[in-house]
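Novice: Got a structure here, written out as structure tokens. Questions coming.
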Amino acid sequence: HFSLWCMLAAPLILGNDIRKFIKEDGTIDTESKIYSILTNKAMISINQDALGVQCRRIKFGIVDILVKPLENNKIAVCVFNKGNKKSDTVIDITELSNLGFVNLPQKSSYNVYDVWENEKIEQVNMINAATEKHGVKVYIIE
């Protein structure tokens with residue numbers, strides 16, 4: 001849910017019970033899964049990118065692919081698996097660079113950052129996104 005809101009450049013309004021990540025003594029439980037989602041700096045940077053542009057859905061079906069232009073010739077890509085089983089999706093970055101609404105230059109290789117796994121992936125032109133049922137993968141590509 002949070003990934004989709006960030007890709008849509010929607011206002012980030014908490015709709016959850018904040019008591020779920022506040023300890024009895026009033027301090028924040030930084031080990032809470034909810035807290036880690038809501039404070040993911042890379043996701044928040046996608047939401048608050050200076051371009052202020054929403055994503056576009058470029059693939060429809062059980063698995064949707066959303067692409068959001070970002071400043072400095074970067075893009076965010078979200079793979080959203082709406083299905084009841086794990087999905088393997090291959091994303092051709094060269095095809096993404098050909099989309100008319102993004103400014104991703106064509107190159108022989110790209111830097112890819114997996115936002116939720118907090119890791120850089122060395123890729124040439126493809127991303128293999130293994131997405132759990134009802135799950136998302138979010139990448140920043142530059």
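Letters for chains follow the order of the structure tokens (A, B, ...), residue numbers begin at 1 for each chain, and ligand numbers begin at 1 in the order shown.
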Fewer than 5 positions away in the same chain doesn't count, so skip those; otherwise give me all residues within 12 Å of Asn118 of chain A, counting only C-alpha atoms, as a PyMOL selection string.
Specialist: chain A and resi 36+40-43+112-113+137-140
Novice: When DSSP is applied to the backbone of this structure, which of chain A are assigned alpha helix (DSSP H)? Write them out as a VMD selection string.
Specialist: chain A and resid 2 to 7 33 to 38 41 to 47 93 to 97
Novice: Report, in Å with one decimal, the straight-line distance from atom CA of Asn125 of chain A to atom CA of Ile93 of chain A.
Specialist: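 Taking atom CA of Asn125 of chain A as the start and atom CA of Ile93 of chain A as the end point, the length is 5.1 Å.
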Novice: A:Ala10, A:Leu104, A:Ile22, A:Val136: which is nearest Asn81 of chain A, counting only C-alpha atoms?
Specialist: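 Among the listed residues, the smallest separation from Asn81 of chain A belongs to A:Val136.
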Novice: Can you tell me, as a list of chain:residue names, what residues are no more than 12 Å from Glu95 of chain A when counting only C-alpha atoms, ignoring any on the same chain fewer than 5 positions away?
Specialist: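 Everything that qualifies: A:Ile58, A:Val67, A:Val90, A:Gly100, A:Val102, A:Leu104, A:Pro105, A:Gln106, A:Lys107, A:Asn125, A:Met126, A:Ile127.
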Novice: I'd like the contact shell of Phe80 of chain A - 8 Å cut-off, only C-alpha atoms, skipping same-chain residues fewer than 3 positions apart - returned as a list in words.
Specialist: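 So the residues in contact are Val63, Asp64, Ile65, Leu66, Thr131, His134, Gly135, Val136 and Lys137 of chain A.
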Novice: Write the residues of the selection above to a file with N, CA, C and O atoms, as a short mmCIF file (atom, residue, chain, number, x, y, z; two decimals), in the first residue's frame.
Specialist:
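Okay, this is what ended up in part-v7.cif:
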```
data_model
loop_
_atom_site.label_atom_id
_atom_site.label_comp_id
_atom_site.auth_asym_id
_atom_site.auth_seq_id
_atom_site.Cartn_x
_atom_site.Cartn_y
_atom_site.Cartn_z
N VAL A 63 0.03 -8.92 -12.86
CA VAL A 63 1.19 -8.14 -12.43
C VAL A 63 1.17 -6.82 -13.20
O VAL A 63 1.16 -6.82 -14.44
N ASP A 64 1.14 -5.72 -12.46
CA ASP A 64 1.22 -4.39 -13.07
C ASP A 64 2.64 -3.87 -12.93
O ASP A 64 3.31 -4.15 -11.93
N ILE A 65 3.07 -3.08 -13.91
CA ILE A 65 4.34 -2.38 -13.80
C ILE A 65 4.03 -0.89 -13.87
O ILE A 65 3.39 -0.42 -14.81
N LEU A 66 4.49 -0.17 -12.85
CA LEU A 66 4.29 1.27 -12.74
C LEU A 66 5.65 1.95 -12.90
O LEU A 66 6.64 1.51 -12.32
N THR A 131 8.40 -11.47 -7.29
CA THR A 131 7.47 -10.75 -6.42
C THR A 131 6.52 -11.74 -5.76
O THR A 131 5.84 -12.51 -6.44
N HIS A 134 0.57 -10.87 -3.82
CA HIS A 134 0.07 -9.60 -3.27
C HIS A 134 1.21 -8.69 -2.83
O HIS A 134 1.04 -7.86 -1.93
N GLY A 135 2.37 -8.82 -3.45
CA GLY A 135 3.55 -8.06 -3.05
C GLY A 135 4.01 -7.07 -4.10
O GLY A 135 3.47 -6.99 -5.20
N VAL A 136 5.02 -6.31 -3.72
CA VAL A 136 5.61 -5.32 -4.61
C VAL A 136 7.14 -5.42 -4.56
O VAL A 136 7.71 -5.86 -3.57
N LYS A 137 7.74 -4.98 -5.63
CA LYS A 137 9.17 -4.71 -5.70
C LYS A 137 9.27 -3.30 -6.23
O LYS A 137 8.54 -2.93 -7.16
#
```
Novice: If we count only C-alpha atoms, what is near Asn111 of chain A at a cut-off of 10 Å, once residues fewer than 5 positions away on the same chain are taken out, given as a PyMOL selection string?
Specialist: chain A and resi 74+120-125+139-142
Novice: What's the separation between atom CA of Thr39 of chain A and atom CA of Asp114 of chain A, in Å to one decimal place?
Specialist: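 Interatomic distance, atom CA of Thr39 of chain A to atom CA of Asp114 of chain A: 15.9 Å.
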Novice: With a distance cut-off of 10 Å and only C-alpha atoms, select the neighbouring residues of Gly52 of chain A, excluding the residue or stretch itself and same-chain residues fewer than 5 positions from it, and output the selection as a PyMOL selection string.
Specialist: chain A and resi 8-10+46-47+68-71
Novice: In Å to one decimal, how far is atom CA of Arg57 of chain A from atom CA of Leu12 of chain A?
Specialist: 20.2 Å
Novice: From a DSSP calculation on the backbone, collect every residue of segment 7-106 of chain A in strand (DSSP E or B) and output the set as a ChimeraX atom specification.
Specialist: /A:22,28,56-59,63-70,74-81,87-92
Novice: I'd like to know which of A:Ala130, A:Ala50, A:Ile28, A:Ile37 is closest to Trp116 of chain A, using only C-alpha atoms.
Specialist: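 Once distances to Trp116 of chain A are computed over only C-alpha atoms, the minimum belongs to A:Ile37.
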